[in-house]
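Structure file entry-v6.pdb (PDB, C-alpha atoms and all ligand atoms) follows.
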```
ATOM      1  CA  MET J1456     -19.986  23.563  -4.595  1.00  0.00           C
ATOM      2  CA  ARG J1457     -16.224  24.014  -4.601  1.00  0.00           C
ATOM      3  CA  ILE J1458     -15.031  22.327  -1.457  1.00  0.00           C
ATOM      4  CA  VAL J1459     -11.660  21.668   0.187  1.00  0.00           C
ATOM      5  CA  LEU J1460     -11.367  18.882   2.754  1.00  0.00           C
ATOM      6  CA  LEU J1461      -8.479  19.257   5.204  1.00  0.00           C
ATOM      7  CA  GLY J1462      -7.261  16.588   7.574  1.00  0.00           C
ATOM      8  CA  ALA J1463      -4.214  14.552   8.442  1.00  0.00           C
ATOM      9  CA  PRO J1464      -3.435  11.434   6.381  1.00  0.00           C
ATOM     10  CA  GLY J1465      -5.875   8.773   7.584  1.00  0.00           C
ATOM     11  CA  SER J1466      -8.419  11.229   9.009  1.00  0.00           C
ATOM     12  CA  GLY J1467     -11.136   9.617   6.883  1.00  0.00           C
ATOM     13  CA  LYS J1468     -11.514  12.527   4.507  1.00  0.00           C
ATOM     14  CA  GLY J1469     -10.878  10.306   1.456  1.00  0.00           C
ATOM     15  CA  THR J1470     -13.796   8.059   2.398  1.00  0.00           C
ATOM     16  CA  GLN J1471     -16.033  11.073   3.032  1.00  0.00           C
ATOM     17  CA  ALA J1472     -14.909  12.668  -0.232  1.00  0.00           C
ATOM     18  CA  GLN J1473     -16.064   9.533  -2.109  1.00  0.00           C
ATOM     19  CA  ARG J1474     -19.500   9.734  -0.463  1.00  0.00           C
ATOM     20  CA  LEU J1475     -19.778  13.473  -0.970  1.00  0.00           C
ATOM     21  CA  VAL J1476     -19.043  13.357  -4.696  1.00  0.00           C
ATOM     22  CA  ALA J1477     -21.659  10.636  -5.143  1.00  0.00           C
ATOM     23  CA  ARG J1478     -24.187  12.897  -3.417  1.00  0.00           C
ATOM     24  CA  LEU J1479     -23.247  16.170  -5.138  1.00  0.00           C
ATOM     25  CA  GLY J1480     -22.458  14.754  -8.593  1.00  0.00           C
ATOM     26  CA  VAL J1481     -19.126  16.592  -8.787  1.00  0.00           C
ATOM     27  CA  PRO J1482     -15.653  15.031  -9.170  1.00  0.00           C
ATOM     28  CA  GLN J1483     -13.344  14.210  -6.304  1.00  0.00           C
ATOM     29  CA  ILE J1484      -9.953  15.687  -7.050  1.00  0.00           C
ATOM     30  CA  SER J1485      -7.350  13.923  -4.970  1.00  0.00           C
ATOM     31  CA  THR J1486      -3.698  14.872  -5.213  1.00  0.00           C
ATOM     32  CA  GLY J1487      -2.826  11.339  -4.134  1.00  0.00           C
ATOM     33  CA  ASP J1488      -4.877   9.733  -6.918  1.00  0.00           C
ATOM     34  CA  LEU J1489      -3.579  12.166  -9.554  1.00  0.00           C
ATOM     35  CA  LEU J1490       0.004  11.533  -8.456  1.00  0.00           C
ATOM     36  CA  ARG J1491      -0.422   7.744  -8.323  1.00  0.00           C
ATOM     37  CA  SER J1492      -1.891   7.870 -11.821  1.00  0.00           C
ATOM     38  CA  ALA J1493       1.077   9.943 -13.067  1.00  0.00           C
ATOM     39  CA  VAL J1494       3.462   7.482 -11.373  1.00  0.00           C
ATOM     40  CA  ALA J1495       1.663   4.465 -12.896  1.00  0.00           C
ATOM     41  CA  ARG J1496       1.816   6.044 -16.352  1.00  0.00           C
ATOM     42  CA  GLY J1497       5.500   6.867 -15.843  1.00  0.00           C
ATOM     43  CA  THR J1498       5.149  10.499 -16.927  1.00  0.00           C
ATOM     44  CA  PRO J1499       8.110  12.818 -16.225  1.00  0.00           C
ATOM     45  CA  LEU J1500       6.171  14.447 -13.347  1.00  0.00           C
ATOM     46  CA  GLY J1501       5.193  10.976 -12.151  1.00  0.00           C
ATOM     47  CA  LEU J1502       8.780   9.760 -11.987  1.00  0.00           C
ATOM     48  CA  ARG J1503       9.798  12.816  -9.953  1.00  0.00           C
ATOM     49  CA  ALA J1504       6.798  12.307  -7.668  1.00  0.00           C
ATOM     50  CA  LYS J1505       7.635   8.626  -7.126  1.00  0.00           C
ATOM     51  CA  ALA J1506      11.052   9.328  -5.616  1.00  0.00           C
ATOM     52  CA  ALA J1507       9.484  11.615  -2.980  1.00  0.00           C
ATOM     53  CA  MET J1508       6.523   9.304  -2.244  1.00  0.00           C
ATOM     54  CA  ASP J1509       8.828   6.285  -1.762  1.00  0.00           C
ATOM     55  CA  ALA J1510      10.739   8.281   0.858  1.00  0.00           C
ATOM     56  CA  GLY J1511       7.518   9.226   2.697  1.00  0.00           C
ATOM     57  CA  ALA J1512       8.067  12.865   1.773  1.00  0.00           C
ATOM     58  CA  LEU J1513       5.635  15.250   0.148  1.00  0.00           C
ATOM     59  CA  VAL J1514       5.933  15.851  -3.572  1.00  0.00           C
ATOM     60  CA  ASN J1515       7.109  19.385  -4.321  1.00  0.00           C
ATOM     61  CA  ASP J1516       4.649  22.210  -4.932  1.00  0.00           C
ATOM     62  CA  GLU J1517       5.612  22.775  -8.563  1.00  0.00           C
ATOM     63  CA  ILE J1518       4.622  19.200  -9.495  1.00  0.00           C
ATOM     64  CA  VAL J1519       1.443  19.166  -7.398  1.00  0.00           C
ATOM     65  CA  ILE J1520       0.213  22.589  -8.516  1.00  0.00           C
ATOM     66  CA  GLY J1521       0.870  21.684 -12.171  1.00  0.00           C
ATOM     67  CA  ILE J1522      -1.158  18.495 -11.883  1.00  0.00           C
ATOM     68  CA  ILE J1523      -4.053  20.273 -10.095  1.00  0.00           C
ATOM     69  CA  ARG J1524      -4.093  23.167 -12.558  1.00  0.00           C
ATOM     70  CA  GLU J1525      -4.546  20.745 -15.464  1.00  0.00           C
ATOM     71  CA  ARG J1526      -7.236  18.790 -13.619  1.00  0.00           C
ATOM     72  CA  LEU J1527      -9.328  21.870 -12.764  1.00  0.00           C
ATOM     73  CA  LYS J1528      -9.484  22.764 -16.464  1.00  0.00           C
ATOM     74  CA  GLU J1529     -11.324  19.556 -17.307  1.00  0.00           C
ATOM     75  CA  PRO J1530     -15.034  20.095 -18.118  1.00  0.00           C
ATOM     76  CA  ASP J1531     -16.377  18.007 -15.218  1.00  0.00           C
ATOM     77  CA  ALA J1532     -14.834  20.443 -12.703  1.00  0.00           C
ATOM     78  CA  ALA J1533     -16.913  23.372 -13.985  1.00  0.00           C
ATOM     79  CA  ARG J1534     -19.888  22.549 -11.715  1.00  0.00           C
ATOM     80  CA  GLY J1535     -17.737  22.125  -8.620  1.00  0.00           C
ATOM     81  CA  TYR J1536     -15.482  19.560  -7.015  1.00  0.00           C
ATOM     82  CA  VAL J1537     -14.224  18.145  -3.779  1.00  0.00           C
ATOM     83  CA  LEU J1538     -10.502  18.734  -3.312  1.00  0.00           C
ATOM     84  CA  ASP J1539      -8.933  16.048  -1.140  1.00  0.00           C
ATOM     85  CA  GLY J1540      -5.277  16.431  -0.171  1.00  0.00           C
ATOM     86  CA  PHE J1541      -4.837  19.825  -1.829  1.00  0.00           C
ATOM     87  CA  PRO J1542      -3.851  22.450  -0.857  1.00  0.00           C
ATOM     88  CA  ARG J1543      -1.399  21.050   1.671  1.00  0.00           C
ATOM     89  CA  ASN J1544       0.524  24.219   2.537  1.00  0.00           C
ATOM     90  CA  LEU J1545       0.223  27.997   2.227  1.00  0.00           C
ATOM     91  CA  ALA J1546       2.069  28.161  -1.093  1.00  0.00           C
ATOM     92  CA  GLN J1547      -0.394  25.668  -2.603  1.00  0.00           C
ATOM     93  CA  ALA J1548      -3.351  27.581  -1.098  1.00  0.00           C
ATOM     94  CA  GLN J1549      -2.109  30.808  -2.647  1.00  0.00           C
ATOM     95  CA  ALA J1550      -1.589  29.097  -6.020  1.00  0.00           C
ATOM     96  CA  LEU J1551      -5.130  27.708  -5.810  1.00  0.00           C
ATOM     97  CA  ALA J1552      -6.616  31.099  -4.874  1.00  0.00           C
ATOM     98  CA  SER J1553      -4.873  32.644  -7.850  1.00  0.00           C
ATOM     99  CA  MET J1554      -6.127  29.917 -10.260  1.00  0.00           C
ATOM    100  CA  LEU J1555      -9.689  30.356  -8.959  1.00  0.00           C
ATOM    101  CA  ALA J1556      -9.546  34.161  -9.040  1.00  0.00           C
ATOM    102  CA  ASP J1557      -8.616  33.947 -12.746  1.00  0.00           C
ATOM    103  CA  ILE J1558     -11.848  32.095 -13.490  1.00  0.00           C
ATOM    104  CA  GLN J1559     -13.942  33.963 -10.848  1.00  0.00           C
ATOM    105  CA  ALA J1560     -14.890  30.731  -9.111  1.00  0.00           C
ATOM    106  CA  PRO J1561     -13.773  30.984  -5.481  1.00  0.00           C
ATOM    107  CA  LEU J1562     -14.016  28.217  -2.903  1.00  0.00           C
ATOM    108  CA  ASP J1563     -17.351  27.759  -1.116  1.00  0.00           C
ATOM    109  CA  ALA J1564     -16.170  25.818   1.919  1.00  0.00           C
ATOM    110  CA  VAL J1565     -13.117  24.395   3.662  1.00  0.00           C
ATOM    111  CA  VAL J1566     -13.831  21.600   6.137  1.00  0.00           C
ATOM    112  CA  LEU J1567     -11.253  20.448   8.669  1.00  0.00           C
ATOM    113  CA  PHE J1568     -11.453  16.825   9.894  1.00  0.00           C
ATOM    114  CA  GLU J1569     -10.302  16.688  13.511  1.00  0.00           C
ATOM    115  CA  VAL J1570      -8.950  13.364  14.837  1.00  0.00           C
ATOM    116  CA  ASP J1571      -6.226  12.259  17.209  1.00  0.00           C
ATOM    117  CA  TYR J1572      -3.013  10.756  15.882  1.00  0.00           C
ATOM    118  CA  ALA J1573      -3.298   7.423  17.700  1.00  0.00           C
ATOM    119  CA  GLU J1574      -6.591   6.886  15.877  1.00  0.00           C
ATOM    120  CA  ILE J1575      -4.967   7.898  12.605  1.00  0.00           C
ATOM    121  CA  ALA J1576      -2.145   5.363  12.978  1.00  0.00           C
ATOM    122  CA  ARG J1577      -4.757   2.637  13.588  1.00  0.00           C
ATOM    123  CA  ARG J1578      -6.853   3.658  10.598  1.00  0.00           C
ATOM    124  CA  ILE J1579      -3.914   3.835   8.224  1.00  0.00           C
ATOM    125  CA  ALA J1580      -2.612   0.425   9.239  1.00  0.00           C
ATOM    126  CA  GLY J1581      -6.072  -1.017   8.399  1.00  0.00           C
ATOM    127  CA  ARG J1582      -6.568   0.738   5.086  1.00  0.00           C
ATOM    128  CA  ARG J1583      -6.975  -1.393   1.928  1.00  0.00           C
ATOM    129  CA  THR J1584      -7.769  -0.236  -1.606  1.00  0.00           C
ATOM    130  CA  CYS J1585      -9.387  -2.012  -4.555  1.00  0.00           C
ATOM    131  CA  PRO J1586      -6.825  -1.885  -7.397  1.00  0.00           C
ATOM    132  CA  ASN J1587      -9.679  -2.009  -9.919  1.00  0.00           C
ATOM    133  CA  CYS J1588     -12.237   0.617  -8.799  1.00  0.00           C
ATOM    134  CA  GLY J1589     -10.313   2.526  -6.100  1.00  0.00           C
ATOM    135  CA  THR J1590     -12.838   1.919  -3.309  1.00  0.00           C
ATOM    136  CA  ILE J1591     -11.212   2.293   0.114  1.00  0.00           C
ATOM    137  CA  TYR J1592     -11.985  -0.219   2.865  1.00  0.00           C
ATOM    138  CA  ASN J1593     -10.772  -0.320   6.455  1.00  0.00           C
ATOM    139  CA  VAL J1594     -10.317  -3.771   7.938  1.00  0.00           C
ATOM    140  CA  HIS J1595     -10.528  -2.240  11.438  1.00  0.00           C
ATOM    141  CA  ASP J1596     -14.090  -0.982  10.847  1.00  0.00           C
ATOM    142  CA  ALA J1597     -16.963  -3.259  11.788  1.00  0.00           C
ATOM    143  CA  ALA J1598     -18.441  -2.989   8.279  1.00  0.00           C
ATOM    144  CA  SER J1599     -15.281  -4.261   6.572  1.00  0.00           C
ATOM    145  CA  ARG J1600     -13.708  -6.499   9.208  1.00  0.00           C
ATOM    146  CA  GLY J1601     -11.937  -9.459   7.643  1.00  0.00           C
ATOM    147  CA  ILE J1602     -12.717  -8.351   4.093  1.00  0.00           C
ATOM    148  CA  THR J1603     -10.075  -9.349   1.531  1.00  0.00           C
ATOM    149  CA  HIS J1604     -11.778  -8.766  -1.833  1.00  0.00           C
ATOM    150  CA  CYS J1605     -13.681  -5.823  -3.348  1.00  0.00           C
ATOM    151  CA  ARG J1606     -17.459  -5.990  -2.952  1.00  0.00           C
ATOM    152  CA  ASN J1607     -18.148  -3.581  -5.802  1.00  0.00           C
ATOM    153  CA  CYS J1608     -16.336  -5.371  -8.597  1.00  0.00           C
ATOM    154  CA  ASP J1609     -17.720  -8.358 -10.517  1.00  0.00           C
ATOM    155  CA  VAL J1610     -14.365 -10.116 -10.603  1.00  0.00           C
ATOM    156  CA  ALA J1611     -13.709  -9.147  -6.932  1.00  0.00           C
ATOM    157  CA  PRO J1612      -9.995  -8.250  -6.977  1.00  0.00           C
ATOM    158  CA  LEU J1613      -7.832  -8.804  -3.914  1.00  0.00           C
ATOM    159  CA  LEU J1614      -7.581  -5.554  -1.903  1.00  0.00           C
ATOM    160  CA  THR J1615      -4.111  -4.046  -1.646  1.00  0.00           C
ATOM    161  CA  GLN J1616      -2.279  -1.960   0.934  1.00  0.00           C
ATOM    162  CA  ARG J1617      -0.478   1.076  -0.414  1.00  0.00           C
ATOM    163  CA  PRO J1618       3.291   0.819   0.060  1.00  0.00           C
ATOM    164  CA  ASP J1619       3.285   4.172   1.903  1.00  0.00           C
ATOM    165  CA  ASP J1620       0.648   3.021   4.454  1.00  0.00           C
ATOM    166  CA  ASN J1621       3.111   1.577   6.994  1.00  0.00           C
ATOM    167  CA  GLU J1622       3.988   2.763  10.511  1.00  0.00           C
ATOM    168  CA  GLN J1623       7.306   4.485   9.784  1.00  0.00           C
ATOM    169  CA  THR J1624       5.960   6.322   6.782  1.00  0.00           C
ATOM    170  CA  VAL J1625       2.831   7.332   8.702  1.00  0.00           C
ATOM    171  CA  THR J1626       4.861   8.873  11.527  1.00  0.00           C
ATOM    172  CA  ARG J1627       6.909  10.822   9.018  1.00  0.00           C
ATOM    173  CA  ARG J1628       3.789  11.981   7.165  1.00  0.00           C
ATOM    174  CA  LEU J1629       2.095  13.177  10.360  1.00  0.00           C
ATOM    175  CA  SER J1630       5.089  15.263  11.339  1.00  0.00           C
ATOM    176  CA  VAL J1631       5.280  16.772   7.852  1.00  0.00           C
ATOM    177  CA  TYR J1632       1.517  17.375   8.022  1.00  0.00           C
ATOM    178  CA  ASP J1633       1.827  19.328  11.277  1.00  0.00           C
ATOM    179  CA  GLU J1634       4.604  21.467   9.954  1.00  0.00           C
ATOM    180  CA  GLN J1635       3.099  22.240   6.560  1.00  0.00           C
ATOM    181  CA  THR J1636      -0.658  22.110   6.960  1.00  0.00           C
ATOM    182  CA  LEU J1637      -1.426  23.671  10.324  1.00  0.00           C
ATOM    183  CA  PRO J1638      -0.729  27.203   8.970  1.00  0.00           C
ATOM    184  CA  LEU J1639      -3.484  26.529   6.411  1.00  0.00           C
ATOM    185  CA  ILE J1640      -6.035  26.227   9.180  1.00  0.00           C
ATOM    186  CA  GLY J1641      -5.287  29.747  10.413  1.00  0.00           C
ATOM    187  CA  HIS J1642      -5.279  31.015   6.843  1.00  0.00           C
ATOM    188  CA  TYR J1643      -8.742  29.669   5.978  1.00  0.00           C
ATOM    189  CA  ARG J1644     -10.123  30.617   9.372  1.00  0.00           C
ATOM    190  CA  ALA J1645      -9.026  34.216   8.777  1.00  0.00           C
ATOM    191  CA  LEU J1646     -10.848  34.140   5.424  1.00  0.00           C
ATOM    192  CA  GLY J1647     -14.031  32.938   7.155  1.00  0.00           C
ATOM    193  CA  LEU J1648     -14.124  29.755   5.051  1.00  0.00           C
ATOM    194  CA  LEU J1649     -13.120  27.188   7.673  1.00  0.00           C
ATOM    195  CA  ARG J1650     -15.514  24.770   9.376  1.00  0.00           C
ATOM    196  CA  SER J1651     -14.183  22.128  11.765  1.00  0.00           C
ATOM    197  CA  ILE J1652     -15.875  18.793  12.332  1.00  0.00           C
ATOM    198  CA  ASN J1653     -15.169  16.028  14.807  1.00  0.00           C
ATOM    199  CA  ALA J1654     -13.994  13.164  12.565  1.00  0.00           C
ATOM    200  CA  MET J1655     -13.990  10.548  15.322  1.00  0.00           C
ATOM    201  CA  GLY J1656     -16.799   8.026  15.124  1.00  0.00           C
ATOM    202  CA  SER J1657     -18.514   5.994  12.429  1.00  0.00           C
ATOM    203  CA  VAL J1658     -18.466   6.917   8.755  1.00  0.00           C
ATOM    204  CA  ALA J1659     -22.196   7.743   8.987  1.00  0.00           C
ATOM    205  CA  GLU J1660     -21.713  10.004  12.018  1.00  0.00           C
ATOM    206  CA  VAL J1661     -18.880  11.913  10.377  1.00  0.00           C
ATOM    207  CA  GLU J1662     -20.852  12.151   7.140  1.00  0.00           C
ATOM    208  CA  SER J1663     -23.754  13.733   8.999  1.00  0.00           C
ATOM    209  CA  ARG J1664     -21.447  16.323  10.596  1.00  0.00           C
ATOM    210  CA  LEU J1665     -19.884  17.048   7.204  1.00  0.00           C
ATOM    211  CA  HIS J1666     -23.310  17.667   5.627  1.00  0.00           C
ATOM    212  CA  LYS J1667     -24.240  20.052   8.455  1.00  0.00           C
ATOM    213  CA  ALA J1668     -20.974  21.964   8.044  1.00  0.00           C
ATOM    214  CA  LEU J1669     -21.525  22.307   4.283  1.00  0.00           C
ATOM    215  CA  ALA J1670     -25.125  23.416   4.792  1.00  0.00           C
ATOM    216  CA  ALA J1671     -23.891  26.085   7.187  1.00  0.00           C
ATOM    217  CA  SER J1672     -21.338  27.250   4.604  1.00  0.00           C
ATOM    218  CA  ALA J1673     -23.997  27.407   1.892  1.00  0.00           C
ATOM    219  CA  GLN J1674     -26.277  29.382   4.200  1.00  0.00           C
ATOM    220  CA  ALA J1675     -23.483  31.795   5.137  1.00  0.00           C
ATOM    221  CA  ALA J1676     -22.745  32.343   1.417  1.00  0.00           C
ATOM    222  CA  ARG J1677     -26.409  33.248   0.739  1.00  0.00           C
ATOM    223  CA  ALA J1678     -26.618  35.630   3.701  1.00  0.00           C
TER
HETATM  224 ZN    ZN Q   1     -13.424  -2.715  -6.714  1.00  0.00          ZN
END
```
Would you encode the structure as structure tokens?
Ligand SMILES: [Zn+2]
Amino acid sequence: MRIVLLGAPGSGKGTQAQRLVARLGVPQISTGDLLRSAVARGTPLGLRAKAAMDAGALVNDEIVIGIIRERLKEPDAARGYVLDGFPRNLAQAQALASMLADIQAPLDAVVLFEVDYAEIARRIAGRRTCPNCGTIYNVHDAASRGITHCRNCDVAPLLTQRPDDNEQTVTRRLSVYDEQTLPLIGHYRALGLLRSINAMGSVAEVESRLHKALAASAQAARA
């Protein structure tokens, strides 16, 4: 399946994307991960992206679309993928539609994660990432409370907090999200692709709702 997950920063869609790709055997394509990788490697696009990310702003469409276009050409994306953090605005959605029309492989489902912003601020403040394997933990969740080192890695690296996961940056990102992403919801709803799920609750509860939404999309596509 070719799936887009939509939701504000911290809505839990990254965690669900990780679980979904494990279940479906398709890659997770995260703009954030692709950009961080470009920044870490110091590529020209990465250096331009870094200046925007440090300021809590969104990286411009030209950079993001370029990075996604290259990623979708890789062989592992042929069977499907879970897009996480892309598209983020109408221009990106139109660029994506055009890329997919060229290869006659349209999206199967767009799922919107609905949460309230107070919950998002709490989740983001608790988010920690393994620098080795990329697993995301949340120290505010019962399952990960007090955790400081990765459970998946043999040499258990110390978990890190992303520099952009602080209060001021979060507030800025949420306001940018509202402005840029909300029009996407209307766009995908008009196309009949959008399914909304309540993203409040445990990871398992949200995962169950996500599976139901995707099953409904698959059924609608067969009808
Ligand atoms: Zn790890």
Surrounding residues as a count of residues only, ligand ZN 1 (chain Q), max 12 Å, only C-alpha atoms and all ligand atoms
23
Taking all atoms listed in the file into account, produce a table as CSV in which each residue of segment 1513-1582 of chain J with an atom at most 9 Å from an atom of segment 1472-1481 of chain J appears once, together with its shortest atom pair and the distance in Å to one decimal, ordered by chain and rising number.
```
residue,atom,partner,partner_atom,distance
J:Asp1531,CA,J:Val1481,CA,7.1
J:Ala1532,CA,J:Val1481,CA,7.0
J:Ala1533,CA,J:Val1481,CA,8.8
J:Arg1534,CA,J:Val1481,CA,6.7
J:Gly1535,CA,J:Val1481,CA,5.7
J:Tyr1536,CA,J:Val1481,CA,5.0
J:Val1537,CA,J:Ala1472,CA,6.6
J:Leu1538,CA,J:Ala1472,CA,8.1
J:Asp1539,CA,J:Ala1472,CA,6.9
```
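Taking all atoms listed in the file into account, Leu1551 of chain J lies nearest to J:Asp1516 out of the set J:Asp1509, J:Asp1571, J:Glu1529, J:Asp1516.
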From the options J:Lys1528, J:Arg1578, J:Arg1600, J:His1642, which residue's atoms come nearest to Gln1547 of chain J, counting all atoms listed in the file?
J:His1642
Can you list what the PyMOL selection byres (((chain J and resi 1633) around 12) and not hetatm) grabs from this structure, as an MDAnalysis selection string?
chainID J and resid 1461:1464 1543:1544 1572 1626:1632 1634:1640
Since the input lacks atoms, please generate all heavy atoms for segment 1651-1660 of chain J and provide them as a PDB file, keeping the file's coordinate frame.
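The file below, part.pdb, is the result:
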```
ATOM      1  N   SER J1651     -14.823  23.313  11.192  1.00  0.00           N
ATOM      2  CA  SER J1651     -14.183  22.128  11.765  1.00  0.00           C
ATOM      3  C   SER J1651     -15.237  21.114  12.136  1.00  0.00           C
ATOM      4  O   SER J1651     -16.291  21.480  12.659  1.00  0.00           O
ATOM      5  CB  SER J1651     -13.405  22.504  13.037  1.00  0.00           C
ATOM      6  OG  SER J1651     -12.377  23.399  12.713  1.00  0.00           O
ATOM      7  N   ILE J1652     -14.975  19.844  11.862  1.00  0.00           N
ATOM      8  CA  ILE J1652     -15.875  18.793  12.332  1.00  0.00           C
ATOM      9  C   ILE J1652     -15.076  17.748  13.110  1.00  0.00           C
ATOM     10  O   ILE J1652     -13.902  17.520  12.835  1.00  0.00           O
ATOM     11  CB  ILE J1652     -16.649  18.102  11.181  1.00  0.00           C
ATOM     12  CG1 ILE J1652     -15.704  17.422  10.185  1.00  0.00           C
ATOM     13  CG2 ILE J1652     -17.561  19.083  10.472  1.00  0.00           C
ATOM     14  CD1 ILE J1652     -16.418  16.477   9.231  1.00  0.00           C
ATOM     15  N   ASN J1653     -15.742  17.143  14.077  1.00  0.00           N
ATOM     16  CA  ASN J1653     -15.169  16.028  14.807  1.00  0.00           C
ATOM     17  C   ASN J1653     -15.226  14.811  13.885  1.00  0.00           C
ATOM     18  O   ASN J1653     -16.299  14.362  13.508  1.00  0.00           O
ATOM     19  CB  ASN J1653     -16.004  15.814  16.079  1.00  0.00           C
ATOM     20  CG  ASN J1653     -15.584  14.571  16.831  1.00  0.00           C
ATOM     21  OD1 ASN J1653     -14.618  13.904  16.465  1.00  0.00           O
ATOM     22  ND2 ASN J1653     -16.316  14.262  17.885  1.00  0.00           N
ATOM     23  N   ALA J1654     -14.047  14.289  13.517  1.00  0.00           N
ATOM     24  CA  ALA J1654     -13.994  13.164  12.565  1.00  0.00           C
ATOM     25  C   ALA J1654     -13.807  11.825  13.268  1.00  0.00           C
ATOM     26  O   ALA J1654     -13.510  10.819  12.633  1.00  0.00           O
ATOM     27  CB  ALA J1654     -12.894  13.396  11.528  1.00  0.00           C
ATOM     28  N   MET J1655     -13.996  11.803  14.580  1.00  0.00           N
ATOM     29  CA  MET J1655     -13.990  10.548  15.322  1.00  0.00           C
ATOM     30  C   MET J1655     -15.397   9.966  15.253  1.00  0.00           C
ATOM     31  O   MET J1655     -16.363  10.701  15.306  1.00  0.00           O
ATOM     32  CB  MET J1655     -13.623  10.778  16.798  1.00  0.00           C
ATOM     33  CG  MET J1655     -12.327  11.548  17.010  1.00  0.00           C
ATOM     34  SD  MET J1655     -10.868  10.644  16.497  1.00  0.00           S
ATOM     35  CE  MET J1655     -10.723   9.490  17.849  1.00  0.00           C
ATOM     36  N   GLY J1656     -15.486   8.656  15.149  1.00  0.00           N
ATOM     37  CA  GLY J1656     -16.799   8.026  15.124  1.00  0.00           C
ATOM     38  C   GLY J1656     -17.012   7.284  13.817  1.00  0.00           C
ATOM     39  O   GLY J1656     -16.078   7.125  13.025  1.00  0.00           O
ATOM     40  N   SER J1657     -18.237   6.815  13.612  1.00  0.00           N
ATOM     41  CA  SER J1657     -18.514   5.994  12.429  1.00  0.00           C
ATOM     42  C   SER J1657     -18.519   6.866  11.178  1.00  0.00           C
ATOM     43  O   SER J1657     -18.647   8.095  11.255  1.00  0.00           O
ATOM     44  CB  SER J1657     -19.873   5.305  12.583  1.00  0.00           C
ATOM     45  OG  SER J1657     -20.898   6.271  12.458  1.00  0.00           O
ATOM     46  N   VAL J1658     -18.409   6.215  10.036  1.00  0.00           N
ATOM     47  CA  VAL J1658     -18.466   6.917   8.755  1.00  0.00           C
ATOM     48  C   VAL J1658     -19.778   7.694   8.644  1.00  0.00           C
ATOM     49  O   VAL J1658     -19.798   8.849   8.209  1.00  0.00           O
ATOM     50  CB  VAL J1658     -18.300   5.911   7.591  1.00  0.00           C
ATOM     51  CG1 VAL J1658     -18.620   6.561   6.254  1.00  0.00           C
ATOM     52  CG2 VAL J1658     -16.881   5.344   7.569  1.00  0.00           C
ATOM     53  N   ALA J1659     -20.884   7.081   9.085  1.00  0.00           N
ATOM     54  CA  ALA J1659     -22.196   7.743   8.987  1.00  0.00           C
ATOM     55  C   ALA J1659     -22.271   8.974   9.898  1.00  0.00           C
ATOM     56  O   ALA J1659     -22.830  10.003   9.517  1.00  0.00           O
ATOM     57  CB  ALA J1659     -23.304   6.751   9.338  1.00  0.00           C
ATOM     58  N   GLU J1660     -21.705   8.859  11.098  1.00  0.00           N
ATOM     59  CA  GLU J1660     -21.713  10.004  12.018  1.00  0.00           C
ATOM     60  C   GLU J1660     -20.909  11.174  11.451  1.00  0.00           C
ATOM     61  O   GLU J1660     -21.339  12.329  11.501  1.00  0.00           O
ATOM     62  CB  GLU J1660     -21.114   9.599  13.380  1.00  0.00           C
ATOM     63  CG  GLU J1660     -22.032   8.717  14.215  1.00  0.00           C
ATOM     64  CD  GLU J1660     -21.298   8.018  15.370  1.00  0.00           C
ATOM     65  OE1 GLU J1660     -20.051   8.002  15.398  1.00  0.00           O
ATOM     66  OE2 GLU J1660     -21.997   7.481  16.237  1.00  0.00           O
TER      67      GLU J1660
END
```
